[in-house]
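To start, the structure under review is shown below, and the notes come after it.
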Amino acid sequence: MGTIISSVVFLVFVGTAFYFAYRGFHGVYRNIMLGRPEDLSDNKGERFKTMMLVAFGQKKMFKRPIAALLHLTIYVSFVITQIELIEIFIDGAFGTHRIIYHAWEHIPALRALYVFTIDFIEVLSLLTFAVTVAFLYRRDLLKLPRFTSLDLKGWPNLDAHLILVFEMILITCIFMMNSFDMAANNNEYGFWLSGIIAGWWSGADQGLLEIFEKIGWWGHLAMVMVFLVYLSYSKHLHILLAFPNTYFSRLTPKGYIANMPAVTREVKLMLDPNAQVEPGPADGSTPKFGAKDIFDLSWKNLLDAYTCTECGRCTAQCPANLTGKKLSPRKIMMDTRDRMEEVAVVLDANKGIWKDDGKSLIENGHISVEELRACTTCNACVEECPVNISPLDIIVQLRRSLIMEDSNSPNEWNGMFANLENNAAPWQFSQQDRLNWESDN
Ligand code: SF4
Ligand code: SF4
C-alpha cells in the first residue's frame, strides 16, 4: 500500500511539474513567433557546424580560458548528472529502490559501470559545488563590473543568485541521497565519495538513515523539477536555446547591415530614373521602416533575446558603454525580452488576441532614444557574444524607425539627411556642382 501511495505521489508531482514546464516553454515559443518571418533555412551544413562549435563546443567562451573552464564544468555536470535521474524516475514510478543497481549487481562489468557512473557524477558534482562558490565570490565579493552594473539590478541579479543556490541544494541532495543510502546498507554499493561521507553517519539509527536518504532522494527530484519549471522564466533558458540560436546564426559577413528594399529602390531610381528595380508592394501601400515594437523585429531577434545569458561580455566591450554612455547591448536584449513578457500578459488576458497597450519597445521603460543614438555600429557586441546574439541588429532596426517613421533625430543629423535627399550626398551643394573644384584650378 505504501509503495502505491509513494508511486502516485511521485507521478502527480512529476506530472504537475511537466505540465507547468510545458506551459512555460509553450509561452516562450508563442512569444518568439510574434516576430515577423525571416528565412534562415539555407546552408544547413554550415549552420550545423556553427552550432556544434559555438553551442556544443563553447568555442567563443575560450577567449577567456579560466571562465570557460568554470563554465564548462557546470555545463558537463548538468548534462551528466541527469543520468542518475533515469534510475530515480524508474524507482519513483514503480516504488523500487536502486532498480538498475540491483538488476546489474551480479554482473561484474555492469555493476562496475554503475559504480563508475555514480562516482563520476559525484566528482563532477563536487567540482560544480566549488565552481558555484567561485561564481558567487566573483559576483558578490570581487564585484566584477559586468555583474554589478545598473542593468542587472532587481530580478536579473536575483535570478543569477537563485540558480546558483538551486545548484548547491541539488548537489547537497545528491550527496545526502547516496551517502545515507550507503550508511543504511553497510556501504554495499561501493561509491567512493559518498562512501567517505557515509563514514560520518556510521552508528546512526537505521530509521533515521533511511529518512535522510529519502529526504535527499526527494530533494534531488524536487530541485530538478523546480529547475525545469523555472527555466522558461530565467536567463538560464540559454542552456536549451543556445543550440537553435547558434544554428540559425546569420551567416552574412561580419558587420553586414541589411539594406531596406524600399530605400534601395528609391536610391537607385534617384541615381538613375531608368534603373531596373524590384517592384514595390502590390497594393501600393507605404512600407514600414525599421522596428518600433517586438512585432516588427524578426523571430530570430526575439530568439536572441530569450537566449541571452546576461553575461555582459558585449557591454564590457561596447565603446559607447566604456565611454560612459547609457547604452548597454546586454540591456537591449533584456529589454526586448521584458517587452515580450509584457505583450504576453496582454495576450494571456485576451485569449491570445493582441489589444494595443499603447506601449512599444522604444521608451515606455524599455529602450530609450538616448541609448539608441549612442551606438557606433562597431559590431563589437556581436563579436563578443558567446551564443551569436546580435544586439546591433535590433538597435539598427529601432533607430531606422525612430528616424524614418518618427523623424526623431538630433538637429545635427537633419541637415545631413536633407542633403542626402536633395543632393544624393551629405554635402550642401547640388550634384551638378560636385566637380566645380576642377575648373577652379
Ligand atoms: S555595435 Fe553598438 S551596441 Fe554593439 S558594441 Fe558597438 S557601439 Fe556598442
Ligand atoms: S548578448 Fe551575448 S554577450 Fe551580451 S549579455 Fe547576452 S549572451 Fe552575453
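Identifiers in the C-alpha cells: chain A, B, ... in order shown; residue index from 1 per chain; ligand index from 1 in order shown.
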
Would you list the residues that come within 10 Å of ligand 2? Count only C-alpha atoms and all ligand atoms and give the answer as a PyMOL selection string. chain A and resi 146+235+238+242+304-318+328-334+380-392

Write a file of the just-selected residues containing C-alpha atoms, as an mmCIF file, in the first residue's frame.
```cif
data_model
loop_
_atom_site.group_PDB
_atom_site.id
_atom_site.type_symbol
_atom_site.label_atom_id
_atom_site.label_comp_id
_atom_site.auth_asym_id
_atom_site.auth_seq_id
_atom_site.Cartn_x
_atom_site.Cartn_y
_atom_site.Cartn_z
ATOM 1 C CA ARG A 146 29.801 43.415 -15.697
ATOM 2 C CA LYS A 235 18.122 33.665 -18.244
ATOM 3 C CA HIS A 238 20.145 29.636 -22.835
ATOM 4 C CA ALA A 242 21.864 28.262 -27.392
ATOM 5 C CA ASP A 304 18.215 36.088 -29.493
ATOM 6 C CA ALA A 305 16.534 37.891 -26.604
ATOM 7 C CA TYR A 306 15.408 34.648 -24.959
ATOM 8 C CA THR A 307 18.864 33.119 -25.474
ATOM 9 C CA CYS A 308 20.784 35.968 -23.827
ATOM 10 C CA THR A 309 22.718 34.655 -20.819
ATOM 11 C CA GLU A 310 23.085 38.190 -19.400
ATOM 12 C CA CYS A 311 26.828 37.552 -19.157
ATOM 13 C CA GLY A 312 27.647 41.172 -20.074
ATOM 14 C CA ARG A 313 30.588 40.335 -22.353
ATOM 15 C CA CYS A 314 29.015 42.540 -25.028
ATOM 16 C CA THR A 315 28.603 45.509 -22.685
ATOM 17 C CA ALA A 316 32.156 45.099 -21.380
ATOM 18 C CA GLN A 317 33.465 45.664 -24.945
ATOM 19 C CA CYS A 318 30.943 48.269 -26.102
ATOM 20 C CA SER A 328 24.402 48.587 -22.828
ATOM 21 C CA PRO A 329 23.880 45.933 -25.537
ATOM 22 C CA ARG A 330 23.016 43.452 -22.778
ATOM 23 C CA LYS A 331 20.187 45.755 -21.674
ATOM 24 C CA ILE A 332 18.930 45.933 -25.278
ATOM 25 C CA MET A 333 18.435 42.153 -25.174
ATOM 26 C CA MET A 334 16.943 42.177 -21.676
ATOM 27 C CA ALA A 380 31.976 44.545 -31.035
ATOM 28 C CA CYS A 381 28.946 43.256 -29.109
ATOM 29 C CA VAL A 382 28.147 40.716 -31.842
ATOM 30 C CA GLU A 383 31.767 39.599 -31.992
ATOM 31 C CA GLU A 384 31.917 39.070 -28.214
ATOM 32 C CA CYS A 385 28.655 37.201 -27.689
ATOM 33 C CA PRO A 386 29.281 33.531 -26.790
ATOM 34 C CA VAL A 387 25.953 32.449 -28.322
ATOM 35 C CA ASN A 388 25.993 34.541 -31.532
ATOM 36 C CA ILE A 389 23.427 37.123 -30.492
ATOM 37 C CA SER A 390 23.220 40.440 -32.347
ATOM 38 C CA PRO A 391 22.080 43.374 -30.194
ATOM 39 C CA LEU A 392 23.218 45.591 -33.086
#
```

Which residues come within 12 Å of Trp200 of chain A, counting only C-alpha atoms, excluding same-chain residues fewer than 4 positions away, as a PyMOL selection string? chain A and resi 176+179-180+182-183+193-196+204+209

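Per DSSP on the backbone, helix (DSSP H, G or I) in segment 187-219 of chain A comprises A:Leu193, A:Ser194, A:Gly195, A:Ile196, A:Ile197, A:Ala198, A:Gly199, A:Trp200, A:Trp201, A:Gln206, A:Gly207, A:Leu208, A:Leu209, A:Glu210, A:Ile211, A:Phe212, A:Glu213, A:Lys214, A:Ile215, A:Gly216, A:Trp217, A:Trp218, A:Gly219.
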
Near segment 16-29 of chain A, counting only C-alpha atoms, which residues have an atom at most 8 Å away, once you skip same-chain residues fewer than 5 positions from it, shown as a PDB file with N, CA and C atoms, in the first residue's frame?
```
ATOM      1  N   MET A 225      12.923  19.260 -10.830  1.00  0.00           N
ATOM      2  CA  MET A 225      11.607  19.685 -11.326  1.00  0.00           C
ATOM      3  C   MET A 225      11.436  21.202 -11.194  1.00  0.00           C
ATOM      4  N   VAL A 226      11.904  21.762 -10.083  1.00  0.00           N
ATOM      5  CA  VAL A 226      11.830  23.218  -9.894  1.00  0.00           C
ATOM      6  C   VAL A 226      12.630  23.905 -11.002  1.00  0.00           C
ATOM      7  N   LEU A 228      13.301  22.760 -13.947  1.00  0.00           N
ATOM      8  CA  LEU A 228      12.606  22.582 -15.233  1.00  0.00           C
ATOM      9  C   LEU A 228      11.510  23.633 -15.411  1.00  0.00           C
ATOM     10  N   VAL A 229      10.733  23.846 -14.353  1.00  0.00           N
ATOM     11  CA  VAL A 229       9.637  24.820 -14.436  1.00  0.00           C
ATOM     12  C   VAL A 229      10.205  26.242 -14.493  1.00  0.00           C
ATOM     13  N   TYR A 230      11.232  26.469 -13.706  1.00  0.00           N
ATOM     14  CA  TYR A 230      11.814  27.804 -13.561  1.00  0.00           C
ATOM     15  C   TYR A 230      12.529  28.265 -14.836  1.00  0.00           C
ATOM     16  N   LEU A 231      13.022  27.281 -15.601  1.00  0.00           N
ATOM     17  CA  LEU A 231      13.884  27.580 -16.750  1.00  0.00           C
ATOM     18  C   LEU A 231      13.284  28.599 -17.718  1.00  0.00           C
ATOM     19  N   SER A 232      12.003  28.461 -18.016  1.00  0.00           N
ATOM     20  CA  SER A 232      11.421  29.343 -19.040  1.00  0.00           C
ATOM     21  C   SER A 232      11.274  30.775 -18.534  1.00  0.00           C
ATOM     22  N   TYR A 233      11.430  31.000 -17.225  1.00  0.00           N
ATOM     23  CA  TYR A 233      11.331  32.357 -16.684  1.00  0.00           C
ATOM     24  C   TYR A 233      12.725  32.945 -16.435  1.00  0.00           C
ATOM     25  N   TYR A 306      15.630  35.733 -25.934  1.00  0.00           N
ATOM     26  CA  TYR A 306      15.408  34.648 -24.959  1.00  0.00           C
ATOM     27  C   TYR A 306      16.684  33.845 -24.709  1.00  0.00           C
ATOM     28  N   ALA A 344       2.999  39.384 -23.639  1.00  0.00           N
ATOM     29  CA  ALA A 344       2.408  38.081 -23.306  1.00  0.00           C
ATOM     30  C   ALA A 344       1.299  38.238 -22.267  1.00  0.00           C
TER      31      ALA A 344
END
```

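Checking A:Arg265, A:Arg373, A:Arg47, A:Lys300 one by one against Met33 of chain A, counting only C-alpha atoms, you find the shortest gap at A:Lys300.
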
Distance query Leu53 of chain A at most 12 Å, only C-alpha atoms, self and fewer than 3 positions along chain excluded, as a list in words: Glu46, Arg47, Phe48, Lys49, Thr50, Phe56, Gly57, Gln58, Lys59, Lys60, Met61, Phe62, Ala242, Phe243, Thr246, Tyr247, Pro386, Val387 and Asn388 of chain A

So that I can check the surroundings of segment 69-84 of chain A, please list as number ranges by chain every protein, DNA and RNA residue that reaches within 10 Å of it, counting only C-alpha atoms and ignoring chain neighbours fewer than 3 positions away. A: 56-58, 61-62, 64-66, 87-89, 114, 117-118, 120-132, 134-135, 167, 171, 174, 224, 239

Hey, can you spit out that residue selection with C-alpha atoms as a PDB file, in the first residue's frame?
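Wrote it out as out.pdb, contents follow:
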```pdb
ATOM      1  CA  PHE A  56      28.223  22.460 -28.033  1.00  0.00           C
ATOM      2  CA  GLY A  57      31.964  23.201 -28.165  1.00  0.00           C
ATOM      3  CA  GLN A  58      31.586  26.622 -26.486  1.00  0.00           C
ATOM      4  CA  MET A  61      33.890  31.080 -24.368  1.00  0.00           C
ATOM      5  CA  PHE A  62      37.528  30.025 -24.652  1.00  0.00           C
ATOM      6  CA  ARG A  64      38.799  33.661 -21.536  1.00  0.00           C
ATOM      7  CA  PRO A  65      40.109  30.179 -20.613  1.00  0.00           C
ATOM      8  CA  ILE A  66      39.530  30.273 -16.830  1.00  0.00           C
ATOM      9  CA  GLU A  87      17.016   5.378 -12.086  1.00  0.00           C
ATOM     10  CA  ILE A  88      15.248   7.949  -9.905  1.00  0.00           C
ATOM     11  CA  PHE A  89      12.349   8.100 -12.374  1.00  0.00           C
ATOM     12  CA  TYR A 114      27.082   1.603 -12.405  1.00  0.00           C
ATOM     13  CA  THR A 117      28.895   6.377 -13.303  1.00  0.00           C
ATOM     14  CA  ILE A 118      27.809   7.399  -9.811  1.00  0.00           C
ATOM     15  CA  PHE A 120      31.869  10.254 -11.930  1.00  0.00           C
ATOM     16  CA  ILE A 121      28.657  12.166 -11.190  1.00  0.00           C
ATOM     17  CA  GLU A 122      29.778  12.743  -7.607  1.00  0.00           C
ATOM     18  CA  VAL A 123      33.226  14.022  -8.602  1.00  0.00           C
ATOM     19  CA  LEU A 124      31.627  16.375 -11.139  1.00  0.00           C
ATOM     20  CA  SER A 125      29.094  17.463  -8.516  1.00  0.00           C
ATOM     21  CA  LEU A 126      31.859  18.289  -6.046  1.00  0.00           C
ATOM     22  CA  LEU A 127      33.722  20.302  -8.694  1.00  0.00           C
ATOM     23  CA  THR A 128      30.493  22.069  -9.621  1.00  0.00           C
ATOM     24  CA  PHE A 129      29.891  22.957  -5.978  1.00  0.00           C
ATOM     25  CA  ALA A 130      33.337  24.592  -5.898  1.00  0.00           C
ATOM     26  CA  VAL A 131      32.666  26.417  -9.186  1.00  0.00           C
ATOM     27  CA  THR A 132      29.322  27.648  -7.850  1.00  0.00           C
ATOM     28  CA  ALA A 134      33.650  30.712  -7.161  1.00  0.00           C
ATOM     29  CA  PHE A 135      30.825  32.228  -9.240  1.00  0.00           C
ATOM     30  CA  GLU A 167      22.638  24.171  -7.852  1.00  0.00           C
ATOM     31  CA  ILE A 171      24.369  18.816  -5.121  1.00  0.00           C
ATOM     32  CA  ILE A 174      22.807  14.084  -4.325  1.00  0.00           C
ATOM     33  CA  VAL A 224      15.355  19.113 -10.924  1.00  0.00           C
ATOM     34  CA  ILE A 239      21.070  26.075 -21.788  1.00  0.00           C
TER      35      ILE A 239
END
```

Determine, counting only C-alpha atoms, which protein, DNA and RNA residues have an atom within 12 Å of an atom of Lys288 of chain A; residues of the same chain fewer than 3 positions away are not included. Present the result as a list in words. Met260, Pro261, Ala262, Val263, Pro281, Ser285, Ala291, Lys292, Asp293, Phe295, Asp296, Leu297, Gln397, Leu398, Arg400, Ser401, Leu402, Ile403, Met404, Glu405 and Asp406 of chain A
